[in-house]
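Chemist: Quick one, my_file.pdb (PDB, C-alpha atoms, pLDDT in the B column):
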ATOM      1  CA  MET U  30       0.000   0.000   0.000  1.00 55.00           C
ATOM      2  CA  LYS U  31       2.837   2.389   0.791  1.00 57.00           C
ATOM      3  CA  ARG U  32       4.343   1.888  -2.675  1.00 60.00           C
ATOM      4  CA  PHE U  33       1.290   3.312  -4.494  1.00 60.00           C
ATOM      5  CA  GLN U  34       1.203   6.510  -2.413  1.00 60.00           C
ATOM      6  CA  GLN U  35       4.667   7.738  -3.303  1.00 66.00           C
ATOM      7  CA  GLY U  36       4.845  10.943  -5.394  1.00 68.00           C
ATOM      8  CA  LEU U  37       1.568  12.489  -4.283  1.00 75.00           C
ATOM      9  CA  GLY U  38       3.448  15.327  -2.543  1.00 81.00           C
ATOM     10  CA  MET U  39       5.428  15.971  -5.733  1.00 82.00           C
ATOM     11  CA  ILE U  40       2.240  16.336  -7.818  1.00 84.00           C
ATOM     12  CA  THR U  41       0.764  18.709  -5.215  1.00 86.00           C
ATOM     13  CA  ALA U  42       3.951  20.789  -5.189  1.00 88.00           C
ATOM     14  CA  ILE U  43       3.945  21.050  -9.006  1.00 90.00           C
ATOM     15  CA  ILE U  44       0.292  22.143  -9.037  1.00 91.00           C
ATOM     16  CA  ILE U  45       0.987  24.797  -6.380  1.00 92.00           C
ATOM     17  CA  LEU U  46       4.034  26.048  -8.348  1.00 93.00           C
ATOM     18  CA  VAL U  47       1.961  26.308 -11.545  1.00 93.00           C
ATOM     19  CA  ILE U  48      -0.734  28.284  -9.726  1.00 93.00           C
ATOM     20  CA  LEU U  49       1.852  30.623  -8.171  1.00 93.00           C
ATOM     21  CA  ALA U  50       3.515  31.111 -11.556  1.00 93.00           C
ATOM     22  CA  ALA U  51       0.145  32.028 -13.074  1.00 92.00           C
ATOM     23  CA  PHE U  52      -0.459  34.567 -10.289  1.00 91.00           C
ATOM     24  CA  ALA U  53       3.026  36.035 -10.808  1.00 92.00           C
ATOM     25  CA  GLY U  54       2.417  36.346 -14.557  1.00 90.00           C
ATOM     26  CA  ALA U  55      -0.925  38.058 -13.943  1.00 89.00           C
ATOM     27  CA  MET U  56       0.701  40.501 -11.511  1.00 90.00           C
ATOM     28  CA  VAL U  57       3.399  41.397 -14.047  1.00 88.00           C
ATOM     29  CA  THR U  58       0.784  41.913 -16.762  1.00 85.00           C
ATOM     30  CA  PHE U  59      -1.389  44.106 -14.527  1.00 86.00           C
ATOM     31  CA  GLY U  60       1.645  46.116 -13.399  1.00 84.00           C
ATOM     32  CA  THR U  61       2.795  46.718 -16.968  1.00 82.00           C
ATOM     33  CA  THR U  62      -0.704  47.744 -18.046  1.00 81.00           C
ATOM     34  CA  GLN U  63      -0.966  50.128 -15.102  1.00 85.00           C
ATOM     35  CA  GLN U  64       2.359  51.763 -15.985  1.00 83.00           C
ATOM     36  CA  LEU U  65       1.360  52.169 -19.643  1.00 82.00           C
ATOM     37  CA  THR U  66      -2.028  53.607 -18.685  1.00 82.00           C
ATOM     38  CA  SER U  67      -0.409  56.064 -16.295  1.00 85.00           C
ATOM     39  CA  ALA U  68       2.056  57.221 -18.966  1.00 82.00           C
ATOM     40  CA  GLN U  69      -0.772  57.672 -21.487  1.00 84.00           C
ATOM     41  CA  ASP U  70      -2.729  59.708 -18.943  1.00 86.00           C
ATOM     42  CA  VAL U  71       0.230  62.053 -18.409  1.00 88.00           C
ATOM     43  CA  MET U  72       0.698  62.424 -22.176  1.00 87.00           C
ATOM     44  CA  SER U  73      -3.024  63.103 -22.576  1.00 88.00           C
ATOM     45  CA  VAL U  74      -2.864  65.963 -20.069  1.00 90.00           C
ATOM     46  CA  LYS U  75       0.189  67.412 -21.835  1.00 89.00           C
ATOM     47  CA  ALA U  76      -1.624  67.199 -25.179  1.00 91.00           C
ATOM     48  CA  TRP U  77      -4.679  68.929 -23.711  1.00 93.00           C
ATOM     49  CA  GLN U  78      -2.508  71.743 -22.356  1.00 91.00           C
ATOM     50  CA  ALA U  79      -0.688  72.102 -25.688  1.00 91.00           C
ATOM     51  CA  ALA U  80      -4.031  72.315 -27.511  1.00 93.00           C
ATOM     52  CA  LYS U  81      -5.236  74.872 -24.957  1.00 93.00           C
ATOM     53  CA  ALA U  82      -2.120  76.971 -25.561  1.00 91.00           C
ATOM     54  CA  GLY U  83      -2.839  76.819 -29.291  1.00 92.00           C
ATOM     55  CA  ASN U  84      -6.427  77.971 -28.693  1.00 94.00           C
ATOM     56  CA  GLU U  85      -5.298  80.888 -26.586  1.00 92.00           C
ATOM     57  CA  TRP U  86      -2.694  81.926 -29.153  1.00 91.00           C
ATOM     58  CA  GLY U  87      -5.292  81.671 -31.915  1.00 90.00           C
ATOM     59  CA  LEU U  88      -7.820  83.741 -29.945  1.00 90.00           C
ATOM     60  CA  TYR U  89      -5.230  86.414 -29.300  1.00 90.00           C
ATOM     61  CA  MET U  90      -4.278  86.565 -32.977  1.00 88.00           C
ATOM     62  CA  ALA U  91      -7.900  86.584 -34.157  1.00 86.00           C
ATOM     63  CA  LEU U  92      -9.250  89.157 -31.721  1.00 85.00           C
ATOM     64  CA  ASN U  93      -6.258  91.491 -32.118  1.00 83.00           C
ATOM     65  CA  SER U  94      -6.211  91.237 -35.941  1.00 74.00           C
ATOM     66  CA  GLY U  95      -2.779  89.663 -35.761  1.00 70.00           C
ATOM     67  CA  THR U  96      -1.019  88.738 -38.980  1.00 74.00           C
ATOM     68  CA  GLY U  97       1.037  85.957 -37.430  1.00 76.00           C
ATOM     69  CA  TRP U  98      -0.765  83.264 -39.374  1.00 77.00           C
ATOM     70  CA  ALA U  99       1.222  81.225 -41.893  1.00 76.00           C
ATOM     71  CA  SER U 100      -0.180  83.176 -44.844  1.00 74.00           C
ATOM     72  CA  GLY U 101       0.560  86.517 -43.192  1.00 74.00           C
ATOM     73  CA  ALA U 102      -3.118  87.521 -43.347  1.00 79.00           C
ATOM     74  CA  ALA U 103      -5.420  88.175 -40.424  1.00 81.00           C
ATOM     75  CA  CYS U 104      -8.330  85.887 -39.583  1.00 82.00           C
ATOM     76  CA  THR U 105     -11.246  87.855 -40.979  1.00 83.00           C
ATOM     77  CA  PRO U 106     -14.649  87.030 -42.451  1.00 83.00           C
ATOM     78  CA  PHE U 107     -14.847  86.214 -46.151  1.00 80.00           C
ATOM     79  CA  THR U 108     -11.245  84.916 -46.254  1.00 79.00           C
ATOM     80  CA  THR U 109      -9.994  81.359 -46.311  1.00 84.00           C
ATOM     81  CA  PRO U 110      -9.365  79.834 -42.873  1.00 87.00           C
ATOM     82  CA  GLN U 111      -5.915  80.708 -41.550  1.00 86.00           C
ATOM     83  CA  THR U 112      -3.634  77.925 -40.272  1.00 87.00           C
ATOM     84  CA  LYS U 113      -0.460  78.028 -38.209  1.00 88.00           C
ATOM     85  CA  ASP U 114       1.769  75.196 -36.988  1.00 88.00           C
ATOM     86  CA  ILE U 115       3.332  75.768 -33.574  1.00 87.00           C
ATOM     87  CA  ASN U 116       6.241  73.572 -32.496  1.00 87.00           C
ATOM     88  CA  LEU U 117       6.111  72.865 -28.757  1.00 83.00           C
ATOM     89  CA  SER U 118       8.278  69.748 -28.967  1.00 81.00           C
ATOM     90  CA  THR U 119      11.086  71.188 -26.849  1.00 81.00           C
ATOM     91  CA  ASP U 120       8.708  72.139 -24.012  1.00 77.00           C
ATOM     92  CA  LEU U 121       5.928  69.555 -24.152  1.00 78.00           C
ATOM     93  CA  GLY U 122       6.838  67.142 -26.935  1.00 83.00           C
ATOM     94  CA  PHE U 123       3.908  68.154 -29.151  1.00 89.00           C
ATOM     95  CA  SER U 124       3.304  69.987 -32.379  1.00 91.00           C
ATOM     96  CA  VAL U 125       0.136  72.067 -32.502  1.00 93.00           C
ATOM     97  CA  THR U 126      -1.869  73.068 -35.575  1.00 93.00           C
ATOM     98  CA  VAL U 127      -4.132  76.081 -35.030  1.00 93.00           C
ATOM     99  CA  THR U 128      -6.853  76.964 -37.540  1.00 92.00           C
ATOM    100  CA  CYS U 129      -8.998  80.105 -37.447  1.00 91.00           C
ATOM    101  CA  SER U 130     -12.130  80.718 -39.465  1.00 91.00           C
ATOM    102  CA  ALA U 131     -14.364  83.745 -39.121  1.00 89.00           C
ATOM    103  CA  ALA U 132     -17.941  84.507 -40.121  1.00 89.00           C
ATOM    104  CA  GLU U 133     -19.898  87.723 -39.904  1.00 88.00           C
ATOM    105  CA  PHE U 134     -23.542  87.876 -38.835  1.00 86.00           C
ATOM    106  CA  ASN U 135     -26.195  90.542 -38.427  1.00 82.00           C
ATOM    107  CA  GLU U 136     -27.659  90.408 -34.942  1.00 80.00           C
ATOM    108  CA  GLY U 137     -30.536  92.218 -33.303  1.00 74.00           C
ATOM    109  CA  GLU U 138     -32.554  95.152 -34.436  1.00 70.00           C
ATOM    110  CA  VAL U 139     -31.038  98.576 -34.791  1.00 68.00           C
ATOM    111  CA  PRO U 140     -32.467 101.773 -36.188  1.00 71.00           C
ATOM    112  CA  VAL U 141     -32.333 102.007 -39.957  1.00 70.00           C
ATOM    113  CA  THR U 142     -29.982 104.975 -39.800  1.00 70.00           C
ATOM    114  CA  LEU U 143     -27.299 103.018 -37.908  1.00 72.00           C
ATOM    115  CA  GLY U 144     -27.227  99.997 -40.219  1.00 71.00           C
ATOM    116  CA  PRO U 145     -27.051  96.367 -39.153  1.00 73.00           C
ATOM    117  CA  ASN U 146     -25.381  95.267 -35.949  1.00 78.00           C
ATOM    118  CA  LYS U 147     -22.537  93.081 -37.263  1.00 82.00           C
ATOM    119  CA  ILE U 148     -20.899  90.452 -35.085  1.00 86.00           C
ATOM    120  CA  THR U 149     -17.853  88.420 -36.076  1.00 87.00           C
ATOM    121  CA  LEU U 150     -17.797  84.809 -34.884  1.00 91.00           C
ATOM    122  CA  TYR U 151     -14.340  83.233 -34.667  1.00 91.00           C
ATOM    123  CA  THR U 152     -13.848  79.468 -34.575  1.00 93.00           C
ATOM    124  CA  ILE U 153     -10.394  78.453 -33.360  1.00 94.00           C
ATOM    125  CA  THR U 154      -9.497  74.767 -33.737  1.00 95.00           C
ATOM    126  CA  SER U 155      -6.296  73.561 -32.111  1.00 95.00           C
ATOM    127  CA  THR U 156      -4.919  70.033 -32.576  1.00 94.00           C
ATOM    128  CA  ALA U 157      -1.946  68.799 -30.536  1.00 93.00           C
ATOM    129  CA  ILE U 158      -0.097  65.668 -31.710  1.00 91.00           C
ATOM    130  CA  ASN U 159       2.973  64.019 -30.258  1.00 89.00           C
ATOM    131  CA  GLY U 160       5.669  62.542 -32.492  1.00 80.00           C
ATOM    132  CA  ALA U 161       4.759  58.876 -31.953  1.00 79.00           C
ATOM    133  CA  PRO U 162       3.501  56.779 -34.889  1.00 81.00           C
ATOM    134  CA  VAL U 163      -0.286  56.696 -35.167  1.00 82.00           C
ATOM    135  CA  ALA U 164      -0.645  52.951 -34.562  1.00 82.00           C
ATOM    136  CA  SER U 165       1.652  52.874 -31.508  1.00 82.00           C
ATOM    137  CA  PRO U 166       0.400  52.828 -27.901  1.00 79.00           C
ATOM    138  CA  GLY U 167       2.297  56.077 -27.248  1.00 82.00           C
ATOM    139  CA  TYR U 168       0.338  58.108 -29.830  1.00 87.00           C
ATOM    140  CA  VAL U 169      -1.664  60.960 -28.323  1.00 89.00           C
ATOM    141  CA  GLU U 170      -3.812  63.550 -30.108  1.00 90.00           C
ATOM    142  CA  ARG U 171      -6.154  66.100 -28.572  1.00 93.00           C
ATOM    143  CA  ARG U 172      -8.353  68.645 -30.354  1.00 95.00           C
ATOM    144  CA  ARG U 173     -10.002  71.687 -28.821  1.00 95.00           C
ATOM    145  CA  VAL U 174     -12.468  74.013 -30.512  1.00 95.00           C
ATOM    146  CA  VAL U 175     -13.175  77.479 -29.157  1.00 95.00           C
ATOM    147  CA  ILE U 176     -15.819  79.857 -30.487  1.00 94.00           C
ATOM    148  CA  ALA U 177     -15.612  83.566 -29.633  1.00 91.00           C
ATOM    149  CA  THR U 178     -17.152  86.826 -30.770  1.00 88.00           C
ATOM    150  CA  ASN U 179     -15.692  90.286 -30.949  1.00 80.00           C
TER
END
Could you rewrite the structure in this file as structure tokens?

Modeler:
Amino acid sequence: MKRFQQGLGMITAIIILVILAAFAGAMVTFGTTQQLTSAQDVMSVKAWQAAKAGNEWGLYMALNSGTGWASGAACTPFTTPQTKDINLSTDLGFSVTVTCSAAEFNEGEVPVTLGPNKITLYTITSTAINGAPVASPGYVERRRVVIATN
């Protein structure tokens, strides 16, 4: 009877080792995923701030009739949308593309002698992209759209 019971402890030890190895592998996988998610979250915040900086620059240029756009023209109604690329790679690691389009509208009633009440509506779109390839896990892109009137 004793001869048939030999090796049962060895089988139990192997099963326990396999279970512990599976737990260790799961812990490594979860830890790696957590680190990657945390890094992507930090990059997402940086991209959002870079896009916000692009919006603020675009609003300043649009509302102050700045000619700092790539074409040298101001963002005004009845012109093609103005676009400017801003390189923030040394500070944040992102390049930002800012686009401004403007439209003019008549709003409200005014006396006939004063003419229409014209309002200019500016749409500033800012897109921040890091230098990672699009299909990689490190790729981050954020877009912000701001609408303002004069």

Chemist: Sorted by chain and rising residue number, list the residues of segment 62-132 of chain U at most 9 Å from segment 170-174 of chain U (counting all atoms listed in the file), each with its closest atom pair and distance in Å to one decimal, as a Markdown table.

Modeler:
| residue | atom | partner | partner_atom | distance |
| --- | --- | --- | --- | --- |
| U:Ser73 | CA | U:Arg171 | CA | 7.4 |
| U:Ala76 | CA | U:Arg171 | CA | 5.8 |
| U:Trp77 | CA | U:Arg171 | CA | 5.8 |
| U:Ala79 | CA | U:Arg171 | CA | 8.6 |
| U:Ala80 | CA | U:Arg173 | CA | 6.1 |
| U:Lys81 | CA | U:Arg173 | CA | 6.9 |
| U:Gly83 | CA | U:Arg173 | CA | 8.8 |
| U:Asn84 | CA | U:Arg173 | CA | 7.2 |

Chemist: Would you mind reading off the distance between atom CA of Asp70 of chain U and atom CA of Ile115 of chain U, one decimal, in Å?

Modeler: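 A separation of 22.6 Å between them.
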
Chemist: Which residue gives the smallest distance to Phe107 of chain U among U:Val169, U:Leu150, U:Ile48, U:Val175, with all atoms listed in the file counted?

Modeler: U:Leu150

Chemist: Find the residues near Lys147 of chain U: any atom within 12 Å, counting only C-alpha atoms, skip ones fewer than 4 places away on the same chain, and give them as a tab-separated table (two decimals) with C-alpha atoms, keeping the file's coordinate frame.

Modeler:
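That gives us around.tsv:
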chain	number	residue	atom	x	y	z
U	106	PRO	CA	-14.65	87.03	-42.45
U	132	ALA	CA	-17.94	84.51	-40.12
U	133	GLU	CA	-19.90	87.72	-39.90
U	134	PHE	CA	-23.54	87.88	-38.84
U	135	ASN	CA	-26.20	90.54	-38.43
U	136	GLU	CA	-27.66	90.41	-34.94
U	137	GLY	CA	-30.54	92.22	-33.30
U	138	GLU	CA	-32.55	95.15	-34.44
U	139	VAL	CA	-31.04	98.58	-34.79
U	143	LEU	CA	-27.30	103.02	-37.91
U	178	THR	CA	-17.15	86.83	-30.77
U	179	ASN	CA	-15.69	90.29	-30.95

Chemist: Pick from U:Leu121, U:Met72, U:Val127, U:Ala161: nearest to Ala99 of chain U, with all atoms listed in the file counted?

Modeler: U:Val127

Chemist: Written as a PyMOL selection string, what is the full residue list that the PyMOL selection byres ((chain U and resi 120) around 12) yields on the file shown?

Modeler: chain U and resi 75-76+78-79+82+115-119+121-124+159

Chemist: Go ahead and dump the residues you just picked, C-alpha atoms, as a PDB file, keeping the file's coordinate frame.

Modeler:
ATOM      1  CA  LYS U  75       0.189  67.412 -21.835  1.00 89.00           C
ATOM      2  CA  ALA U  76      -1.624  67.199 -25.179  1.00 91.00           C
ATOM      3  CA  GLN U  78      -2.508  71.743 -22.356  1.00 91.00           C
ATOM      4  CA  ALA U  79      -0.688  72.102 -25.688  1.00 91.00           C
ATOM      5  CA  ALA U  82      -2.120  76.971 -25.561  1.00 91.00           C
ATOM      6  CA  ILE U 115       3.332  75.768 -33.574  1.00 87.00           C
ATOM      7  CA  ASN U 116       6.241  73.572 -32.496  1.00 87.00           C
ATOM      8  CA  LEU U 117       6.111  72.865 -28.757  1.00 83.00           C
ATOM      9  CA  SER U 118       8.278  69.748 -28.967  1.00 81.00           C
ATOM     10  CA  THR U 119      11.086  71.188 -26.849  1.00 81.00           C
ATOM     11  CA  LEU U 121       5.928  69.555 -24.152  1.00 78.00           C
ATOM     12  CA  GLY U 122       6.838  67.142 -26.935  1.00 83.00           C
ATOM     13  CA  PHE U 123       3.908  68.154 -29.151  1.00 89.00           C
ATOM     14  CA  SER U 124       3.304  69.987 -32.379  1.00 91.00           C
ATOM     15  CA  ASN U 159       2.973  64.019 -30.258  1.00 89.00           C
TER      16      ASN U 159
END

Chemist: Please, what distance in Å, to one decimal, runs between atom CA of Ile153 of chain U and atom CA of Met90 of chain U?

Modeler: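 Computed distance, atom CA of Ile153 of chain U to atom CA of Met90 of chain U, equals 10.2 Å.
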
Chemist: Which residue, U:Cys129, U:Leu37, U:Val74, U:Leu46, has the smallest gap to Thr96 of chain U when you use all atoms listed in the file?

Modeler: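 Going through U:Cys129, U:Leu37, U:Val74, U:Leu46 one by one, the smallest distance to Thr96 of chain U is for U:Cys129.
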
Chemist: What does the distance between atom CA of Gly97 of chain U and atom CA of Thr149 of chain U come to in Å, to one decimal place?

Modeler: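 Distance reported for this atom pair: 19.1 Å.
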
Chemist: Give, as lines of an AutoDock Vina configuration file, the centre coordinates and the x, y and z edge lengths in Å to one decimal for an axis-aligned box around all listed atoms of segment 149-163 of chain U, padded by 4 Å on each side.

Modeler:
center_x = -6.1
center_y = 72.6
center_z = -33.2
size_x = 31.5
size_y = 39.7
size_z = 13.8

Chemist: Would you write out, as a ChimeraX atom specification, every residue that the PyMOL selection byres ((chain U and resi 103) around 12) captures in this file?

Modeler: /U:87-102,104-113,128-131,151

Chemist: Find, counting all atoms listed in the file, the residue in U:Val141, U:Val47, U:Ile148, U:Leu65 that gets nearest to Pro166 of chain U.

Modeler: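 Of the candidates, the smallest distance to Pro166 of chain U is held by U:Leu65.
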
Chemist: For a quick check of understanding, using all atoms listed in the file, which of U:Ala42, U:Ala157, U:Glu85, U:Thr142 has the smallest distance to Asp114 of chain U?

Modeler: U:Ala157
